[in-house]
Amino acid sequence: MSLGVTVVLSAVGLTAMTYTTNNQRWASRQKNDVTAFALAEAGLNNAMAILENPSNNAMESTLIPASEAGAASAPYEGGTAYWWGTLDSFTKTWTINAKGVMRNPIGGRDVIRYIRASSHIRASFMQPPNNPIWNYVVSLQTGSTCDMSLENSENMQSPLYVMGNLCLNTPSQVSAGPLVVKGYLKLDVNTNVGASSSPINEAHIVGGCSYKNGPWHNPCGPDDMVFANYIDSVAPALTKPNVDLDGWYANAAPGPKFPCSSVSGTPPVFDNDGVRNSSVPTIFNLTPPSTDYSCVAKTSAGIVLGQLSWNHTAKVLTVLGTIYIDGSAMIDYGFQNVPIQYNGTATLYLSGTMLIKDTKFCGGISSDGTNCDFNNWNPNSEMLVIVAAGSGGQLPTGDSIQVVSSYFQGGLWGNYNIELDTTSQTEGPMIAGTEIIGQKVLTHAFPLIDDIPAGAPGVPVVYAQPDPPSNYVTG
C-alpha cells in the first residue's frame with residue numbers, strides 16, 4: 001500500500017514539476033515576446049528619427065533601406081532592432097517596416113515580432129535661403145561700361161549688389177544700403193550714395209568711384225558723393241544659384257506633369273506638348289478684373305500640393321507650392337488706384353515672360369485699403385517669387401520681366417533683364433542679368449528674408465517632414 005502511495009505521489013510531483021516548468025517557459029516566452037515587440041518599436045523609432053532629421057529630405061527614397069534583406073539594424077541588450085521602408089513618391093507616403101529579434105532563452109528559434117506603419121510626408125512651403133542673394137536686388141551682368149544704370153529720379157532703397165559696373169545718371173540716388181559693387185561706381189552730377197546727414201550703413205565698392213568725371217578714388221568717400229558708415233573695397237561673396245527649369249517643369253504642382261485636381265472657371269493652360277519649350281501661346285492674365293478661376297493640385301489621398309486661384313470680388317490671388325506654366329503670363333488688373341493682394345507662399349515658374357502692368361499687386365495692403373503696405377509687409381510669411389526664363393514677346397527685346405506703372409511686393413528672378421518703368425515701385429529681392437531702372441522708380445527697403453518659398457532658385461533641397469506614424473500593423 002505504501003509503495004502504491006509513493007508511486008502516485010511521485011507521479012503527481014512529476015506532473016506538478018512538468019506543469020511548473022512549462023509555465024516558467026511560457027512566462028519566459030511571453031516576456032521575450034514583449035521584449036521583441038519593444039525592439040521592433042525601437043526599429044520604427046529609429047526609422048522615424050532618420051526621416052525627421054532636419055538635415056535630411058524625407059522625400060529622398062534612399063534614406064532608409066528598401067528591403068528586409070538589407071535592413072538597417074541596431075543592437076540592444078538581449079536582441080536587435082531592424083528597420084526598412086519604401087516611399088510612394090506620388091502619394092508622398094512612407095511604408096516603414098520594423099523587426100525586433102530576441103534570443104530565445106530556452107533554446108530553439110529566436111523570438112521575432114514585426115511592426116508596419118505609414119507616414120505621410122509634408123513638404124515645407126518655406127525654406128531657409130541657402131544663398132544670401134535673396135536679400136538683395138542683384139545685377140549679374142559684367143563687361144560693359146555701365147552694367148547697371150540708375151536713371152532719372154530713381155531712388156534705390158533696397159540692398160543692391162552689382163556684379164559689374166554701376167552708373168548713377170542725373171538725378172538718381174542710392175539712399176539705403178548695403179551697396180556692393182564688384183566693378184566701379186560712376187556718379188553723374190546731382191547723384192549720390194547716402195548723404196552727409198544720412199549715410200547708408202555699408203558700401204563695398206571694389207573698383208573705386210568717380211564723381212562728374214573727376215578723379216578716381218579707392219576707397220570711395222565724400223569727395224565722390226558716397227556717404228556710408230562703413231566703406232571698403234572688399235565685396236562680400238555672392239554666387240548665382242542654378243535655376244532648375246527642367247526639374248520644376250517635371251515636378252511643379254500644379255504644372256505640366258501634375259494638373260489640377262479640382263477646377264473652377266478657366267485656370268491657365270500649363271503645357272501643350274509634354275516638352276519644356278514655351279508651348280502655350282496664350283499669355284495668361286493671373287488677375288482678370290471680372291472673372292474668377294481656381295486650380296488646386298492634390299494627391300490621391302486629398303493632400304493639397306499647390307494652388308493658384310483668383311477671386312476678382314475679393315481681389316485676392318491665392319498661391320501655394322511651386323507652379324509651372326510653359327508659356328508667359330501677366331498681372332493686369334487694369335485699375336492702377338485699386339490695390340489687389342496675393343495670399344500664401346509660392347514660386348511661379350514661366351518658360352516665357354512676365355508683364356506686371358497698371359496694377360498694385362501687394363503682399364499686404366495698407367490699413368486704409370489704398371496702397372501696398374510698404375511699412376509692414378512680411379516676406380517671411382507672404383511671398384510670391386516669379387521666375388521667368390524667356391525674353392521678348394510681350395516685352396521689349398532682352399527683358400524677362402517688366403513692371404510698368406505698377407507696384408509689386410515679392411521676389412523676381414529674370415533669366416535675362418528685369419525692367420522697372422514709369423513710376424513703378426517694388427519691395428523685395430530681384431535677380432536678373434541686369435536691372436533696368438527707369439524714370440521715377442522707387443525700390444523700397446525690405447525686411448531681412450529668413451525664409452524663401454520652396455522651389456525658388458537657390459533652394460534646391462526641400463526639407464520635407466514626416467507626420468507621426470499611423471496605420472499600424474503588428475505581427
# chains A, B, ... in the order shown; residues from 1 in each chain; ligands from 1
$ select_by_dssp --residues "stretch 239-470 of chain A" --states "strand (DSSP E)" --output "CSV table (one decimal) with N, CA and C atoms, in the first residue's frame"
chain,number,residue,atom,x,y,z
A,262,SER,N,-8.8,69.8,-58.7
A,262,SER,CA,-10.2,70.5,-58.7
A,262,SER,C,-10.1,71.8,-59.4
A,263,VAL,N,-11.1,72.1,-60.2
A,263,VAL,CA,-11.0,73.2,-61.1
A,263,VAL,C,-12.3,74.0,-61.1
A,264,SER,N,-12.2,75.3,-61.1
A,264,SER,CA,-13.4,76.2,-61.4
A,264,SER,C,-12.9,77.3,-62.3
A,265,GLY,N,-13.9,77.8,-63.1
A,265,GLY,CA,-13.5,78.9,-64.0
A,265,GLY,C,-12.5,78.4,-65.0
A,284,PHE,N,-1.4,84.3,-70.2
A,284,PHE,CA,-2.5,84.2,-69.2
A,284,PHE,C,-2.4,85.4,-68.2
A,285,ASN,N,-3.6,86.0,-68.0
A,285,ASN,CA,-3.7,87.1,-67.0
A,285,ASN,C,-4.0,86.5,-65.7
A,293,TYR,N,-11.2,82.1,-61.2
A,293,TYR,CA,-10.7,80.8,-61.6
A,293,TYR,C,-10.0,80.2,-60.4
A,294,SER,N,-9.9,78.8,-60.4
A,294,SER,CA,-9.2,78.1,-59.3
A,294,SER,C,-8.7,76.8,-59.9
A,295,CYS,N,-7.4,76.5,-59.4
A,295,CYS,CA,-6.8,75.3,-59.7
A,295,CYS,C,-6.1,74.8,-58.5
A,296,VAL,N,-6.5,73.6,-58.0
A,296,VAL,CA,-5.8,73.0,-56.8
A,296,VAL,C,-5.3,71.7,-57.2
A,297,ALA,N,-4.0,71.4,-57.0
A,297,ALA,CA,-3.4,70.1,-57.2
A,297,ALA,C,-3.3,69.3,-55.9
A,298,LYS,N,-3.8,68.1,-55.9
A,298,LYS,CA,-3.8,67.3,-54.7
A,298,LYS,C,-3.3,65.9,-55.0
A,304,VAL,N,-3.2,68.6,-50.4
A,304,VAL,CA,-3.0,69.7,-51.3
A,304,VAL,C,-1.5,69.9,-51.5
A,305,LEU,N,-1.1,69.9,-52.8
A,305,LEU,CA,0.3,70.1,-53.2
A,305,LEU,C,0.5,71.5,-53.6
A,306,GLY,N,-0.5,72.1,-54.2
A,306,GLY,CA,-0.3,73.5,-54.7
A,306,GLY,C,-1.6,74.1,-55.1
A,307,GLN,N,-1.6,75.4,-55.3
A,307,GLN,CA,-2.8,76.1,-55.6
A,307,GLN,C,-2.5,77.4,-56.3
A,308,LEU,N,-3.4,77.7,-57.3
A,308,LEU,CA,-3.4,79.0,-58.0
A,308,LEU,C,-4.9,79.4,-58.2
A,309,SER,N,-5.4,80.4,-57.4
A,309,SER,CA,-6.8,80.7,-57.5
A,309,SER,C,-7.0,82.2,-57.4
A,310,TRP,N,-7.9,82.7,-58.2
A,310,TRP,CA,-8.2,84.2,-58.2
A,310,TRP,C,-9.6,84.4,-57.9
A,311,ASN,N,-9.9,85.4,-57.0
A,311,ASN,CA,-11.2,85.8,-56.7
A,311,ASN,C,-11.3,87.3,-57.0
A,316,VAL,N,-8.2,88.9,-54.5
A,316,VAL,CA,-7.2,88.1,-53.9
A,316,VAL,C,-6.7,87.0,-54.8
A,317,LEU,N,-5.4,86.8,-55.0
A,317,LEU,CA,-4.8,85.7,-55.6
A,317,LEU,C,-4.3,84.8,-54.6
A,318,THR,N,-4.7,83.5,-54.5
A,318,THR,CA,-4.2,82.6,-53.5
A,318,THR,C,-3.2,81.7,-54.2
A,319,VAL,N,-2.0,81.6,-53.6
A,319,VAL,CA,-0.9,80.8,-54.2
A,319,VAL,C,-0.3,79.9,-53.1
A,320,LEU,N,0.2,78.7,-53.6
A,320,LEU,CA,0.7,77.8,-52.7
A,320,LEU,C,1.6,76.8,-53.5
A,321,GLY,N,2.8,76.5,-53.0
A,321,GLY,CA,3.7,75.5,-53.6
A,321,GLY,C,4.5,76.0,-54.7
A,322,THR,N,4.9,75.2,-55.7
A,322,THR,CA,5.6,75.6,-56.8
A,322,THR,C,4.8,75.3,-58.1
A,323,ILE,N,4.6,76.3,-58.9
A,323,ILE,CA,3.7,76.3,-60.1
A,323,ILE,C,4.6,76.5,-61.3
A,324,TYR,N,4.2,75.8,-62.4
A,324,TYR,CA,4.9,76.0,-63.7
A,324,TYR,C,4.0,76.1,-64.8
A,325,ILE,N,4.2,77.2,-65.6
A,325,ILE,CA,3.4,77.5,-66.8
A,325,ILE,C,4.4,77.5,-68.0
A,329,ALA,N,2.9,84.9,-68.8
A,329,ALA,CA,1.8,85.4,-68.0
A,329,ALA,C,1.9,86.9,-67.8
A,330,MET,N,0.8,87.5,-67.3
A,330,MET,CA,0.8,88.9,-67.0
A,330,MET,C,-0.1,89.1,-65.7
A,331,ILE,N,0.2,90.2,-65.0
A,331,ILE,CA,-0.7,90.6,-63.9
A,331,ILE,C,-1.2,92.0,-64.4
A,339,PRO,N,-5.6,98.6,-55.0
A,339,PRO,CA,-4.6,97.5,-54.7
A,339,PRO,C,-5.3,96.1,-54.7
A,340,ILE,N,-4.6,95.1,-55.2
A,340,ILE,CA,-5.0,93.8,-55.1
A,340,ILE,C,-3.9,93.0,-54.3
A,341,GLN,N,-4.3,91.8,-53.9
A,341,GLN,CA,-3.4,91.2,-52.9
A,341,GLN,C,-3.2,89.7,-53.3
A,342,TYR,N,-2.0,89.1,-53.0
A,342,TYR,CA,-1.9,87.7,-53.0
A,342,TYR,C,-1.8,87.2,-51.6
A,343,ASN,N,-2.3,86.0,-51.4
A,343,ASN,CA,-2.1,85.3,-50.1
A,343,ASN,C,-1.4,84.0,-50.2
A,344,GLY,N,-0.4,83.7,-49.4
A,344,GLY,CA,0.3,82.5,-49.4
A,344,GLY,C,1.8,82.6,-49.8
A,345,THR,N,2.4,81.5,-50.0
A,345,THR,CA,3.8,81.4,-50.3
A,345,THR,C,4.0,80.5,-51.5
A,346,ALA,N,4.6,80.9,-52.6
A,346,ALA,CA,4.8,80.1,-53.7
A,346,ALA,C,5.9,80.6,-54.6
A,347,THR,N,6.3,79.7,-55.5
A,347,THR,CA,7.2,80.1,-56.6
A,347,THR,C,6.5,79.8,-57.9
A,348,LEU,N,6.4,80.8,-58.8
A,348,LEU,CA,5.8,80.6,-60.1
A,348,LEU,C,6.8,80.6,-61.2
A,349,TYR,N,7.0,79.5,-61.9
A,349,TYR,CA,7.9,79.4,-63.0
A,349,TYR,C,7.2,79.7,-64.3
A,350,LEU,N,7.9,80.4,-65.2
A,350,LEU,CA,7.4,80.6,-66.5
A,350,LEU,C,8.5,80.3,-67.5
A,354,MET,N,7.1,87.6,-67.9
A,354,MET,CA,6.0,88.2,-67.1
A,354,MET,C,5.9,89.7,-67.3
A,355,LEU,N,4.7,90.2,-67.5
A,355,LEU,CA,4.4,91.6,-67.5
A,355,LEU,C,3.5,91.9,-66.4
A,356,ILE,N,3.9,92.9,-65.5
A,356,ILE,CA,3.1,93.5,-64.5
A,356,ILE,C,2.7,94.9,-64.9
A,357,LYS,N,1.5,95.1,-65.1
A,357,LYS,CA,1.1,96.4,-65.8
A,357,LYS,C,-0.2,97.0,-65.1
A,360,LYS,N,-1.5,97.5,-58.7
A,360,LYS,CA,-0.8,97.5,-57.4
A,360,LYS,C,-1.0,96.1,-56.9
A,361,PHE,N,0.0,95.3,-57.1
A,361,PHE,CA,0.0,93.8,-56.7
A,361,PHE,C,0.8,93.7,-55.4
A,362,CYS,N,0.1,93.4,-54.3
A,362,CYS,CA,0.7,93.6,-53.0
A,362,CYS,C,0.7,92.3,-52.2
A,383,MET,N,4.8,85.5,-49.5
A,383,MET,CA,5.9,85.7,-50.5
A,383,MET,C,5.6,85.0,-51.8
A,384,LEU,N,5.5,85.7,-52.9
A,384,LEU,CA,5.4,85.1,-54.2
A,384,LEU,C,6.7,85.4,-55.0
A,385,VAL,N,7.4,84.4,-55.4
A,385,VAL,CA,8.6,84.5,-56.2
A,385,VAL,C,8.2,84.2,-57.7
A,386,ILE,N,8.5,85.1,-58.6
A,386,ILE,CA,8.2,84.8,-60.0
A,386,ILE,C,9.5,84.6,-60.8
A,387,VAL,N,9.7,83.5,-61.4
A,387,VAL,CA,10.9,83.1,-62.2
A,387,VAL,C,10.5,83.1,-63.7
A,388,ALA,N,11.1,83.9,-64.5
A,388,ALA,CA,10.8,84.0,-65.9
A,388,ALA,C,12.1,83.6,-66.7
A,399,ASP,N,14.2,91.5,-72.3
A,399,ASP,CA,13.6,91.5,-70.9
A,399,ASP,C,12.9,90.2,-70.6
A,400,SER,N,13.1,89.7,-69.4
A,400,SER,CA,12.3,88.6,-68.9
A,400,SER,C,11.1,89.0,-68.1
A,401,ILE,N,11.2,90.1,-67.4
A,401,ILE,CA,10.2,90.7,-66.5
A,401,ILE,C,10.1,92.2,-66.7
A,402,GLN,N,8.9,92.7,-66.9
A,402,GLN,CA,8.8,94.2,-66.9
A,402,GLN,C,7.6,94.6,-66.0
A,403,VAL,N,7.9,95.6,-65.2
A,403,VAL,CA,6.9,96.2,-64.3
A,403,VAL,C,6.7,97.6,-64.8
A,404,VAL,N,5.4,97.9,-65.2
A,404,VAL,CA,5.1,99.2,-65.8
A,404,VAL,C,3.9,99.8,-65.1
A,407,TYR,N,2.9,98.6,-58.8
A,407,TYR,CA,3.6,98.3,-57.6
A,407,TYR,C,3.7,96.8,-57.4
A,408,PHE,N,4.8,96.3,-56.8
A,408,PHE,CA,4.9,94.9,-56.7
A,408,PHE,C,5.7,94.6,-55.4
A,409,GLN,N,5.1,93.7,-54.6
A,409,GLN,CA,5.8,93.2,-53.4
A,409,GLN,C,6.0,91.7,-53.6
A,411,GLY,N,9.3,88.5,-54.8
A,411,GLY,CA,10.6,88.3,-55.4
A,411,GLY,C,10.5,88.1,-56.9
A,412,LEU,N,11.5,88.6,-57.6
A,412,LEU,CA,11.6,88.4,-59.1
A,412,LEU,C,12.9,87.8,-59.5
A,413,TRP,N,12.9,86.9,-60.4
A,413,TRP,CA,14.1,86.3,-61.0
A,413,TRP,C,13.9,86.3,-62.5
A,414,GLY,N,14.8,87.0,-63.2
A,414,GLY,CA,14.7,87.0,-64.7
A,414,GLY,C,16.0,86.4,-65.2
A,417,ASN,N,16.7,90.3,-68.5
A,417,ASN,CA,16.7,91.5,-67.8
A,417,ASN,C,15.3,91.7,-67.0
A,418,ILE,N,15.4,92.4,-65.9
A,418,ILE,CA,14.2,92.9,-65.3
A,418,ILE,C,14.1,94.4,-65.5
A,419,GLU,N,13.0,94.9,-66.0
A,419,GLU,CA,12.9,96.3,-66.3
A,419,GLU,C,11.8,96.9,-65.5
A,420,LEU,N,12.1,98.0,-64.7
A,420,LEU,CA,11.1,98.7,-64.0
A,420,LEU,C,10.9,100.1,-64.6
A,421,ASP,N,9.7,100.4,-65.0
A,421,ASP,CA,9.4,101.7,-65.7
A,421,ASP,C,8.3,102.5,-65.1
A,425,GLN,N,6.9,101.0,-58.3
A,425,GLN,CA,7.5,100.8,-57.0
A,425,GLN,C,7.6,99.3,-56.7
A,426,THR,N,8.7,98.9,-56.1
A,426,THR,CA,8.8,97.5,-55.8
A,426,THR,C,9.3,97.3,-54.3
A,427,GLU,N,9.1,96.2,-53.8
A,427,GLU,CA,9.6,95.9,-52.5
A,427,GLU,C,9.9,94.4,-52.5
A,430,MET,N,15.3,91.1,-56.3
A,430,MET,CA,15.2,90.9,-57.7
A,430,MET,C,16.6,90.5,-58.2
A,431,ILE,N,16.6,89.4,-59.0
A,431,ILE,CA,17.8,88.9,-59.5
A,431,ILE,C,17.7,88.8,-61.0
A,432,ALA,N,18.6,89.4,-61.8
A,432,ALA,CA,18.5,89.4,-63.3
A,432,ALA,C,19.8,89.6,-63.9
A,434,THR,N,20.6,92.0,-66.0
A,434,THR,CA,20.8,93.3,-65.5
A,434,THR,C,19.4,93.9,-65.1
A,435,GLU,N,19.5,94.9,-64.2
A,435,GLU,CA,18.3,95.6,-63.7
A,435,GLU,C,18.2,96.9,-64.5
A,436,ILE,N,17.1,97.1,-65.2
A,436,ILE,CA,16.9,98.3,-66.0
A,436,ILE,C,15.9,99.2,-65.2
A,437,ILE,N,16.4,100.2,-64.6
A,437,ILE,CA,15.6,101.0,-63.7
A,437,ILE,C,15.3,102.3,-64.4
A,442,LEU,N,10.9,103.7,-57.6
A,442,LEU,CA,11.3,103.6,-56.2
A,442,LEU,C,11.4,102.1,-55.8
A,443,THR,N,12.5,101.7,-55.4
A,443,THR,CA,12.7,100.3,-54.8
A,443,THR,C,12.8,100.4,-53.3
A,444,HIS,N,11.8,99.9,-52.6
A,444,HIS,CA,11.8,100.1,-51.2
A,444,HIS,C,12.7,99.1,-50.5
A,452,ILE,N,12.4,81.5,-47.7
A,452,ILE,CA,12.0,81.8,-49.1
A,452,ILE,C,11.2,80.6,-49.5
A,453,PRO,N,10.2,80.9,-50.4
A,453,PRO,CA,9.3,79.7,-50.9
A,453,PRO,C,10.1,78.6,-51.5
A,465,GLN,N,9.0,67.1,-44.0
A,465,GLN,CA,8.9,66.5,-42.7
A,465,GLN,C,7.8,65.4,-42.7
A,466,PRO,N,8.0,64.3,-42.0
A,466,PRO,CA,7.0,63.3,-41.9
A,466,PRO,C,6.0,63.5,-40.8
A,470,SER,N,1.3,56.1,-38.5
A,470,SER,CA,-0.1,55.7,-38.3
A,470,SER,C,-0.3,54.4,-39.1
$ closest_residue --among "A:Gly214, A:Pro457, A:Gly392, A:Gly475" --to "A:Trp248" --atoms "only C-alpha atoms"
A:Pro457
$ select_by_dssp --residues "stretch 4-246 of chain A" --states "helix (DSSP H, G or I)" --output "number ranges by chain"
A: 4-52, 132-135, 222-224, 245-246
$ closest_residue --among "A:Gln394, A:Thr313, A:Ser149, A:Thr299" --to "A:Thr93" --atoms "only C-alpha atoms"
A:Thr299
$ residues_around --residues "stretch 228-235 of chain A" --least-positions-apart "3" --cutoff "7 Å" --atoms "only C-alpha atoms" --output "MDAnalysis selection string"
chainID A and resid 180 182 194 199:206 219
$ write_last_selection --atoms "C-alpha atoms" --output "PDB file, in the first residue's frame"
ATOM      1  CA  VAL A 180      28.000  96.230 -53.150  1.00  0.00           C
ATOM      2  CA  LYS A 182      32.277  94.472 -57.746  1.00  0.00           C
ATOM      3  CA  GLY A 194      23.661 108.356 -48.984  1.00  0.00           C
ATOM      4  CA  PRO A 199      24.779 107.930 -44.639  1.00  0.00           C
ATOM      5  CA  ILE A 200      23.866 104.412 -45.712  1.00  0.00           C
ATOM      6  CA  ASN A 201      25.000 101.568 -43.479  1.00  0.00           C
ATOM      7  CA  GLU A 202      27.569  99.874 -45.757  1.00  0.00           C
ATOM      8  CA  ALA A 203      29.281 100.448 -49.112  1.00  0.00           C
ATOM      9  CA  HIS A 204      31.632  97.827 -50.583  1.00  0.00           C
ATOM     10  CA  ILE A 205      32.945  99.167 -53.907  1.00  0.00           C
ATOM     11  CA  VAL A 206      35.820  97.180 -55.366  1.00  0.00           C
ATOM     12  CA  PRO A 219      38.207 103.548 -51.351  1.00  0.00           C
TER      13      PRO A 219
END
$ residues_around --residues "A:Asn97" --least-positions-apart "5" --cutoff "8 Å" --atoms "only C-alpha atoms" --output "ChimeraX atom specification"
/A:44,83-85,114-117
$ atom_distance --atom1 "atom CA of A:Leu448" --atom2 "atom CA of A:Pro171"
28.3 Å
$ residues_around --residues "stretch 70-72 of chain A" --least-positions-apart "3" --cutoff "10 Å" --atoms "only C-alpha atoms" --output "number ranges by chain"
A: 43, 46-47, 64-67, 81-85, 97-99
$ write_last_selection --atoms "all heavy atoms" --output "mmCIF file, in the first residue's frame"
data_model
loop_
_atom_site.group_PDB
_atom_site.id
_atom_site.type_symbol
_atom_site.label_atom_id
_atom_site.label_comp_id
_atom_site.auth_asym_id
_atom_site.auth_seq_id
_atom_site.Cartn_x
_atom_site.Cartn_y
_atom_site.Cartn_z
ATOM 1 N N GLY A 43 13.061 49.898 -33.593
ATOM 2 C CA GLY A 43 13.408 49.987 -35.007
ATOM 3 C C GLY A 43 12.562 51.010 -35.730
ATOM 4 O O GLY A 43 13.070 51.800 -36.549
ATOM 5 N N ASN A 46 13.720 54.410 -34.785
ATOM 6 C CA ASN A 46 14.981 54.756 -35.459
ATOM 7 C C ASN A 46 14.736 55.223 -36.893
ATOM 8 O O ASN A 46 15.368 56.163 -37.376
ATOM 9 C CB ASN A 46 15.927 53.551 -35.452
ATOM 10 C CG ASN A 46 16.484 53.249 -34.074
ATOM 11 O OD1 ASN A 46 16.452 54.099 -33.186
ATOM 12 N ND2 ASN A 46 16.981 52.046 -33.872
ATOM 13 N N ALA A 47 13.828 54.537 -37.576
ATOM 14 C CA ALA A 47 13.492 54.951 -38.941
ATOM 15 C C ALA A 47 12.882 56.350 -38.951
ATOM 16 O O ALA A 47 13.236 57.193 -39.796
ATOM 17 C CB ALA A 47 12.534 53.948 -39.575
ATOM 18 N N ILE A 64 16.377 55.292 -45.992
ATOM 19 C CA ILE A 64 16.417 54.038 -45.245
ATOM 20 C C ILE A 64 16.369 52.883 -46.239
ATOM 21 O O ILE A 64 15.865 53.037 -47.359
ATOM 22 C CB ILE A 64 15.265 53.932 -44.213
ATOM 23 C CG1 ILE A 64 13.901 54.012 -44.876
ATOM 24 C CG2 ILE A 64 15.395 55.019 -43.157
ATOM 25 C CD1 ILE A 64 12.749 53.851 -43.890
ATOM 26 N N PRO A 65 16.928 51.712 -45.866
ATOM 27 C CA PRO A 65 16.958 50.582 -46.802
ATOM 28 C C PRO A 65 15.558 50.194 -47.264
ATOM 29 O O PRO A 65 14.566 50.374 -46.549
ATOM 30 C CB PRO A 65 17.613 49.466 -45.992
ATOM 31 C CG PRO A 65 18.382 50.170 -44.921
ATOM 32 C CD PRO A 65 17.597 51.395 -44.589
ATOM 33 N N ALA A 66 15.484 49.633 -48.462
ATOM 34 C CA ALA A 66 14.182 49.346 -49.073
ATOM 35 C C ALA A 66 13.675 47.934 -48.795
ATOM 36 O O ALA A 66 12.511 47.648 -49.062
ATOM 37 C CB ALA A 66 14.267 49.571 -50.578
ATOM 38 N N SER A 67 14.526 47.024 -48.284
ATOM 39 C CA SER A 67 14.084 45.640 -48.124
ATOM 40 C C SER A 67 14.579 45.065 -46.800
ATOM 41 O O SER A 67 15.547 45.556 -46.204
ATOM 42 C CB SER A 67 14.612 44.774 -49.270
ATOM 43 O OG SER A 67 16.024 44.670 -49.200
ATOM 44 N N ALA A 81 17.242 45.401 -33.150
ATOM 45 C CA ALA A 81 16.151 46.082 -33.855
ATOM 46 C C ALA A 81 16.554 46.291 -35.305
ATOM 47 O O ALA A 81 17.693 46.656 -35.594
ATOM 48 C CB ALA A 81 15.844 47.416 -33.196
ATOM 49 N N TYR A 82 15.608 46.046 -36.236
ATOM 50 C CA TYR A 82 15.847 46.215 -37.670
ATOM 51 C C TYR A 82 14.774 47.145 -38.230
ATOM 52 O O TYR A 82 13.637 47.183 -37.732
ATOM 53 C CB TYR A 82 15.771 44.879 -38.411
ATOM 54 C CG TYR A 82 16.801 43.864 -37.981
ATOM 55 C CD1 TYR A 82 16.589 43.052 -36.871
ATOM 56 C CD2 TYR A 82 17.989 43.713 -38.700
ATOM 57 C CE1 TYR A 82 17.534 42.117 -36.474
ATOM 58 C CE2 TYR A 82 18.930 42.770 -38.319
ATOM 59 C CZ TYR A 82 18.707 41.978 -37.211
ATOM 60 O OH TYR A 82 19.645 41.056 -36.826
ATOM 61 N N TRP A 83 15.122 47.878 -39.315
ATOM 62 C CA TRP A 83 14.115 48.711 -39.978
ATOM 63 C C TRP A 83 14.431 48.889 -41.455
ATOM 64 O O TRP A 83 15.585 48.875 -41.871
ATOM 65 C CB TRP A 83 13.991 50.070 -39.287
ATOM 66 C CG TRP A 83 15.234 50.911 -39.290
ATOM 67 C CD1 TRP A 83 15.597 51.864 -40.189
ATOM 68 C CD2 TRP A 83 16.303 50.868 -38.325
ATOM 69 N NE1 TRP A 83 16.798 52.426 -39.858
ATOM 70 C CE2 TRP A 83 17.264 51.837 -38.715
ATOM 71 C CE3 TRP A 83 16.538 50.112 -37.171
ATOM 72 C CZ2 TRP A 83 18.427 52.055 -37.998
ATOM 73 C CZ3 TRP A 83 17.704 50.333 -36.455
ATOM 74 C CH2 TRP A 83 18.634 51.296 -36.856
ATOM 75 N N TRP A 84 13.382 49.043 -42.246
ATOM 76 C CA TRP A 84 13.480 49.298 -43.686
ATOM 77 C C TRP A 84 12.158 49.897 -44.146
ATOM 78 O O TRP A 84 11.176 49.930 -43.383
ATOM 79 C CB TRP A 84 13.814 48.013 -44.455
ATOM 80 C CG TRP A 84 12.739 46.944 -44.399
ATOM 81 C CD1 TRP A 84 11.780 46.684 -45.328
ATOM 82 C CD2 TRP A 84 12.531 46.000 -43.338
ATOM 83 N NE1 TRP A 84 10.977 45.646 -44.925
ATOM 84 C CE2 TRP A 84 11.427 45.194 -43.710
ATOM 85 C CE3 TRP A 84 13.149 45.744 -42.117
ATOM 86 C CZ2 TRP A 84 10.930 44.181 -42.893
ATOM 87 C CZ3 TRP A 84 12.661 44.723 -41.312
ATOM 88 C CH2 TRP A 84 11.563 43.955 -41.711
ATOM 89 N N GLY A 85 12.111 50.388 -45.369
ATOM 90 C CA GLY A 85 10.863 51.002 -45.826
ATOM 91 C C GLY A 85 10.924 51.436 -47.273
ATOM 92 O O GLY A 85 11.991 51.468 -47.894
ATOM 93 N N ASN A 97 8.791 49.441 -42.179
ATOM 94 C CA ASN A 97 8.762 48.122 -41.547
ATOM 95 C C ASN A 97 9.853 48.042 -40.489
ATOM 96 O O ASN A 97 10.963 48.570 -40.671
ATOM 97 C CB ASN A 97 9.015 47.025 -42.588
ATOM 98 C CG ASN A 97 7.940 46.996 -43.654
ATOM 99 O OD1 ASN A 97 6.867 46.446 -43.459
ATOM 100 N ND2 ASN A 97 8.221 47.618 -44.792
ATOM 101 N N ALA A 98 9.526 47.391 -39.391
ATOM 102 C CA ALA A 98 10.499 47.206 -38.316
ATOM 103 C C ALA A 98 10.382 45.790 -37.761
ATOM 104 O O ALA A 98 9.296 45.183 -37.774
ATOM 105 C CB ALA A 98 10.288 48.234 -37.216
ATOM 106 N N LYS A 99 11.488 45.273 -37.277
ATOM 107 C CA LYS A 99 11.525 43.909 -36.738
ATOM 108 C C LYS A 99 12.367 43.904 -35.465
ATOM 109 O O LYS A 99 13.441 44.498 -35.417
ATOM 110 C CB LYS A 99 12.135 42.959 -37.773
ATOM 111 C CG LYS A 99 12.281 41.510 -37.308
ATOM 112 C CD LYS A 99 12.759 40.615 -38.449
ATOM 113 C CE LYS A 99 14.203 40.877 -38.814
ATOM 114 N NZ LYS A 99 14.728 39.876 -39.788
#
$ residues_around --residues "A:Gly78" --least-positions-apart "6" --cutoff "9 Å" --atoms "only C-alpha atoms" --output "PyMOL selection string"
chain A and resi 35+101-103
$ write_last_selection --atoms "C-alpha atoms" --output "mmCIF file, in the first residue's frame"
data_model
loop_
_atom_site.group_PDB
_atom_site.id
_atom_site.type_symbol
_atom_site.label_atom_id
_atom_site.label_comp_id
_atom_site.auth_asym_id
_atom_site.auth_seq_id
_atom_site.Cartn_x
_atom_site.Cartn_y
_atom_site.Cartn_z
ATOM 1 C CA THR A 35 10.831 42.456 -25.416
ATOM 2 C CA VAL A 101 14.653 39.831 -32.695
ATOM 3 C CA MET A 102 15.067 38.485 -29.143
ATOM 4 C CA ARG A 103 17.205 35.468 -28.327
#
$ residues_around --residues "A:Tyr136" --least-positions-apart "5" --cutoff "6 Å" --atoms "only C-alpha atoms" --output "list in words"
Pro159, Leu160 and Pro429 of chain A
